Number of protein chains: 2
Amino acid sequence: MPVDRLSETFAALADPTRRAILARLALGETSVSELAEPFDMSLPAVSKHLKVLERAGLIVRGRAAQWRPCRLEPTPLKDVDGWIEQYRKFWEQSFNRLDAYLRELQATEKIRGPNKSK
Amino acid sequence: MPVDRLSETFAALADPTRRAILARLALGETSVSELAEPFDMSLPAVSKHLKVLERAGLIVRGRAAQWRPCRLEPTPLKDVDGWIEQYRKFWEQSFNRLDAYLRELQATEKIRGPNKSK
C-alpha cells in the first residue's frame with residue numbers, strides 16, 4: 001500500500017531532531033552545515049533527517065552545487081492543521097466538561113464546608 | 001533515548017487506519033469488535049493498532065472484563081495543535097506572499113495586455 005501524504009508527514013514529524021530542524025528553518029533558509037552545528041551530529045546524520053523531511057514535502061532544497069540552502073515548506077503542516085481541526089471542538093468540549101465538573105466540586109465543597117478528616 | 005511524548009503521538013498518527021479509528025471514536029465510545037467491523041480487519045490486527053493509540057495516550061480503554069469500550073482522549077491532539085501553532089503564522093504569511101505575487105502577475109497582465117504568442 002503506498003504511504004499516504006498525511007501519514008508521511010506525521011512519520012517525518014515523529015522525531016525531535018527533525019522538529020528542531022523545522023524550528024530552525026522557520027527563522028529562515030540555511031545551509032546543511034549551518035543546520036548541523038547546534039545538533040552535535042555528523043553531516044551524514046543531518047542529511048538523513050533532511051531527506052526524510054524533503055520526501056514528506058516539509059522542506060525544499062536549493063539546487064546550487066556548493067550551497068544547497070534548505071527552506072521550510074509549510075503546506076504539509078497546514079494539512080495537519082486541517083486534519084486536527086475536526087478534533088478541536090472535541091477537546092474544547094472535553095475541557096469545558098472538566099471545568100464544569102471542577103465548578104461543581106467547588107460548589108459541593110462550599111455547601112459541605114472543608115473536609116476536616118485527615 | 002526515550003521517545004518523547006510528541007514523537008509518540010506523531011508516530012501513532014502516521015497510519016490511516018489509526019486515524020480512521022480516532023475519527024470513529026470522535027463519534028462516541030465503542031467496543032473493539034464494533035470498531036473492527038468497517039475496517040475488514042481481524043480483531044488482533046485492530047487490537048495492535050489500539051495498543052499503539054493507547055500507548056500514545058490517544059485512547060483510553062475501559063476495564064470491564066467482557067466489554068472494554070474505547071474512548072478518544074484528546075489531550076495529545078491538543079499538544080500537537082499547540083506545537084503546530086508556531087507555524088500557523090508562517091504559512092499564513094507564505095500564502096499571503098503567494099496571493100501578492102498572483103495580484104502582481106494580474107496587474108502586469110493588464111498593463112501588457114493578454115499574451116498573444118502561442
# chains A, B, ... in the order shown; residues from 1 in each chain; ligands from 1
>>> interface_residues(of="chain B", to="chain A", cutoff="9 Å", atoms="only C-alpha atoms", output="PDB file with C-alpha atoms, in the first residue's frame")
ATOM      1  CA  VAL B   3      10.815   8.530  22.926  1.00  0.00           C
ATOM      2  CA  ASP B   4       9.325  11.899  23.792  1.00  0.00           C
ATOM      3  CA  LEU B   6       5.076  14.383  20.972  1.00  0.00           C
ATOM      4  CA  SER B   7       7.104  11.946  18.822  1.00  0.00           C
ATOM      5  CA  GLU B   8       4.995   9.066  20.119  1.00  0.00           C
ATOM      6  CA  THR B   9       1.811  10.957  19.234  1.00  0.00           C
ATOM      7  CA  PHE B  10       3.037  11.744  15.707  1.00  0.00           C
ATOM      8  CA  ALA B  11       4.156   8.123  15.177  1.00  0.00           C
ATOM      9  CA  ALA B  12       0.722   6.876  16.299  1.00  0.00           C
ATOM     10  CA  LEU B  13      -0.988   9.274  13.866  1.00  0.00           C
ATOM     11  CA  ALA B  14       1.220   8.153  10.939  1.00  0.00           C
ATOM     12  CA  ASP B  15      -1.230   5.445   9.885  1.00  0.00           C
ATOM     13  CA  PRO B  16      -4.554   5.873   8.024  1.00  0.00           C
ATOM     14  CA  ALA B  23     -12.432   9.552  13.697  1.00  0.00           C
ATOM     15  CA  ALA B  26     -14.830  11.018  18.000  1.00  0.00           C
ATOM     16  CA  GLU B  73      -8.578  11.080  24.701  1.00  0.00           C
ATOM     17  CA  PRO B  74      -7.984  14.453  23.034  1.00  0.00           C
ATOM     18  CA  THR B  75      -5.104  15.808  25.164  1.00  0.00           C
ATOM     19  CA  LEU B  77      -4.089  16.141  19.875  1.00  0.00           C
ATOM     20  CA  LYS B  78      -4.278  19.409  21.781  1.00  0.00           C
ATOM     21  CA  VAL B  80       0.018  18.668  18.525  1.00  0.00           C
ATOM     22  CA  ASP B  81      -2.181  21.697  17.916  1.00  0.00           C
ATOM     23  CA  ILE B  84       1.771  23.481  15.125  1.00  0.00           C
ATOM     24  CA  GLU B  85       0.603  26.891  16.355  1.00  0.00           C
ATOM     25  CA  GLN B  86       4.142  28.325  15.942  1.00  0.00           C
ATOM     26  CA  TYR B  87       3.983  27.526  12.204  1.00  0.00           C
ATOM     27  CA  ARG B  88       0.472  28.852  11.549  1.00  0.00           C
ATOM     28  CA  PHE B  90       4.425  31.165   8.876  1.00  0.00           C
ATOM     29  CA  TRP B  91       2.161  29.503   6.316  1.00  0.00           C
ATOM     30  CA  SER B  94       3.531  32.268   2.876  1.00  0.00           C
TER      31      SER B  94
END
>>> residues_around(residues="Pro44 in chain B", least_positions_apart="6", cutoff="10 Å", atoms="only C-alpha atoms", output="ChimeraX atom specification")
/B:32,36,50
>>> write_last_selection(atoms="N, CA and C atoms", output="PDB file, in the first residue's frame")
ATOM      1  N   VAL B  32     -14.289  -2.954  20.830  1.00  0.00           N
ATOM      2  CA  VAL B  32     -13.277  -3.300  19.833  1.00  0.00           C
ATOM      3  C   VAL B  32     -13.919  -3.980  18.629  1.00  0.00           C
ATOM      4  N   ALA B  36     -13.798  -2.820  14.759  1.00  0.00           N
ATOM      5  CA  ALA B  36     -13.161  -3.649  13.737  1.00  0.00           C
ATOM      6  C   ALA B  36     -14.032  -3.775  12.480  1.00  0.00           C
ATOM      7  N   LEU B  50      -4.906  -0.433  18.356  1.00  0.00           N
ATOM      8  CA  LEU B  50      -5.426   0.183  19.586  1.00  0.00           C
ATOM      9  C   LEU B  50      -4.318   0.301  20.632  1.00  0.00           C
TER      10      LEU B  50
END
>>> select_by_dssp(residues="chain B", states="alpha helix (DSSP H)", output="PyMOL selection string")
chain B and resi 5-13+16-25+32-36+43-55+75-112
>>> write_last_selection(atoms="C-alpha atoms", output="PDB file, in the first residue's frame")
ATOM      1  CA  ARG B   5       5.576  12.261  24.098  1.00  0.00           C
ATOM      2  CA  LEU B   6       5.076  14.383  20.972  1.00  0.00           C
ATOM      3  CA  SER B   7       7.104  11.946  18.822  1.00  0.00           C
ATOM      4  CA  GLU B   8       4.995   9.066  20.119  1.00  0.00           C
ATOM      5  CA  THR B   9       1.811  10.957  19.234  1.00  0.00           C
ATOM      6  CA  PHE B  10       3.037  11.744  15.707  1.00  0.00           C
ATOM      7  CA  ALA B  11       4.156   8.123  15.177  1.00  0.00           C
ATOM      8  CA  ALA B  12       0.722   6.876  16.299  1.00  0.00           C
ATOM      9  CA  LEU B  13      -0.988   9.274  13.866  1.00  0.00           C
ATOM     10  CA  PRO B  16      -4.554   5.873   8.024  1.00  0.00           C
ATOM     11  CA  THR B  17      -6.285   3.035   9.936  1.00  0.00           C
ATOM     12  CA  ARG B  18      -5.370   4.524  13.295  1.00  0.00           C
ATOM     13  CA  ARG B  19      -6.611   7.949  12.171  1.00  0.00           C
ATOM     14  CA  ALA B  20      -9.857   6.309  10.986  1.00  0.00           C
ATOM     15  CA  ILE B  21     -10.221   4.657  14.418  1.00  0.00           C
ATOM     16  CA  LEU B  22      -9.847   8.063  16.079  1.00  0.00           C
ATOM     17  CA  ALA B  23     -12.432   9.552  13.697  1.00  0.00           C
ATOM     18  CA  ARG B  24     -14.861   6.764  14.662  1.00  0.00           C
ATOM     19  CA  LEU B  25     -14.195   7.283  18.382  1.00  0.00           C
ATOM     20  CA  VAL B  32     -13.277  -3.300  19.833  1.00  0.00           C
ATOM     21  CA  SER B  33     -15.484  -5.622  17.745  1.00  0.00           C
ATOM     22  CA  GLU B  34     -17.680  -2.694  16.668  1.00  0.00           C
ATOM     23  CA  LEU B  35     -14.520  -0.750  15.789  1.00  0.00           C
ATOM     24  CA  ALA B  36     -13.161  -3.649  13.737  1.00  0.00           C
ATOM     25  CA  LEU B  43      -9.601  -8.411  15.829  1.00  0.00           C
ATOM     26  CA  PRO B  44      -5.869  -8.984  16.607  1.00  0.00           C
ATOM     27  CA  ALA B  45      -4.899  -6.503  13.863  1.00  0.00           C
ATOM     28  CA  VAL B  46      -7.288  -3.883  15.274  1.00  0.00           C
ATOM     29  CA  SER B  47      -6.049  -4.625  18.815  1.00  0.00           C
ATOM     30  CA  LYS B  48      -2.489  -3.943  17.678  1.00  0.00           C
ATOM     31  CA  HIS B  49      -3.484  -0.505  16.370  1.00  0.00           C
ATOM     32  CA  LEU B  50      -5.426   0.183  19.586  1.00  0.00           C
ATOM     33  CA  LYS B  51      -2.346  -0.652  21.638  1.00  0.00           C
ATOM     34  CA  VAL B  52      -0.304   1.928  19.710  1.00  0.00           C
ATOM     35  CA  LEU B  53      -3.037   4.539  20.211  1.00  0.00           C
ATOM     36  CA  GLU B  54      -3.348   3.646  23.898  1.00  0.00           C
ATOM     37  CA  ARG B  55       0.415   3.876  24.479  1.00  0.00           C
ATOM     38  CA  THR B  75      -5.104  15.808  25.164  1.00  0.00           C
ATOM     39  CA  PRO B  76      -2.259  14.616  22.854  1.00  0.00           C
ATOM     40  CA  LEU B  77      -4.089  16.141  19.875  1.00  0.00           C
ATOM     41  CA  LYS B  78      -4.278  19.409  21.781  1.00  0.00           C
ATOM     42  CA  ASP B  79      -0.493  19.191  22.275  1.00  0.00           C
ATOM     43  CA  VAL B  80       0.018  18.668  18.525  1.00  0.00           C
ATOM     44  CA  ASP B  81      -2.181  21.697  17.916  1.00  0.00           C
ATOM     45  CA  GLY B  82      -0.046  23.699  20.357  1.00  0.00           C
ATOM     46  CA  TRP B  83       3.125  22.604  18.556  1.00  0.00           C
ATOM     47  CA  ILE B  84       1.771  23.481  15.125  1.00  0.00           C
ATOM     48  CA  GLU B  85       0.603  26.891  16.355  1.00  0.00           C
ATOM     49  CA  GLN B  86       4.142  28.325  15.942  1.00  0.00           C
ATOM     50  CA  TYR B  87       3.983  27.526  12.204  1.00  0.00           C
ATOM     51  CA  ARG B  88       0.472  28.852  11.549  1.00  0.00           C
ATOM     52  CA  LYS B  89       1.696  32.414  11.169  1.00  0.00           C
ATOM     53  CA  PHE B  90       4.425  31.165   8.876  1.00  0.00           C
ATOM     54  CA  TRP B  91       2.161  29.503   6.316  1.00  0.00           C
ATOM     55  CA  GLU B  92      -0.373  32.320   6.506  1.00  0.00           C
ATOM     56  CA  GLN B  93       2.463  34.698   5.571  1.00  0.00           C
ATOM     57  CA  SER B  94       3.531  32.268   2.876  1.00  0.00           C
ATOM     58  CA  PHE B  95       0.055  32.199   1.337  1.00  0.00           C
ATOM     59  CA  ASN B  96      -0.223  35.974   1.619  1.00  0.00           C
ATOM     60  CA  ARG B  97       3.035  36.239  -0.329  1.00  0.00           C
ATOM     61  CA  LEU B  98       1.633  33.914  -2.997  1.00  0.00           C
ATOM     62  CA  ASP B  99      -1.535  35.994  -3.107  1.00  0.00           C
ATOM     63  CA  ALA B 100       0.508  39.201  -3.503  1.00  0.00           C
ATOM     64  CA  TYR B 101       2.525  37.576  -6.282  1.00  0.00           C
ATOM     65  CA  LEU B 102      -0.615  36.496  -8.151  1.00  0.00           C
ATOM     66  CA  ARG B 103      -2.072  40.001  -7.846  1.00  0.00           C
ATOM     67  CA  GLU B 104       1.172  41.383  -9.215  1.00  0.00           C
ATOM     68  CA  LEU B 105       1.020  38.969 -12.150  1.00  0.00           C
ATOM     69  CA  GLN B 106      -2.568  40.030 -12.859  1.00  0.00           C
ATOM     70  CA  ALA B 107      -1.591  43.728 -12.742  1.00  0.00           C
ATOM     71  CA  THR B 108       1.311  43.101 -15.168  1.00  0.00           C
ATOM     72  CA  GLU B 109      -1.087  41.213 -17.438  1.00  0.00           C
ATOM     73  CA  LYS B 110      -3.458  44.213 -17.501  1.00  0.00           C
ATOM     74  CA  ILE B 111      -0.645  46.642 -18.371  1.00  0.00           C
ATOM     75  CA  ARG B 112       0.899  44.437 -21.055  1.00  0.00           C
TER      76      ARG B 112
END
>>> atom_distance(atom1="CA of Arg63 in chain B", atom2="CA of Glu29 in chain B")
13.3 Å
>>> atom_distance(atom1="CA of Cys70 in chain B", atom2="CA of Met41 in chain B")
16.9 Å
>>> atom_distance(atom1="CA of Arg71 in chain A", atom2="CA of Ile59 in chain A")
5.4 Å
>>> select_by_dssp(residues="chain A", states="strand (DSSP E or B)", output="list in words")
Thr30, Ile59, Val60, Arg61, Cys70, Arg71 and Leu72 of chain A
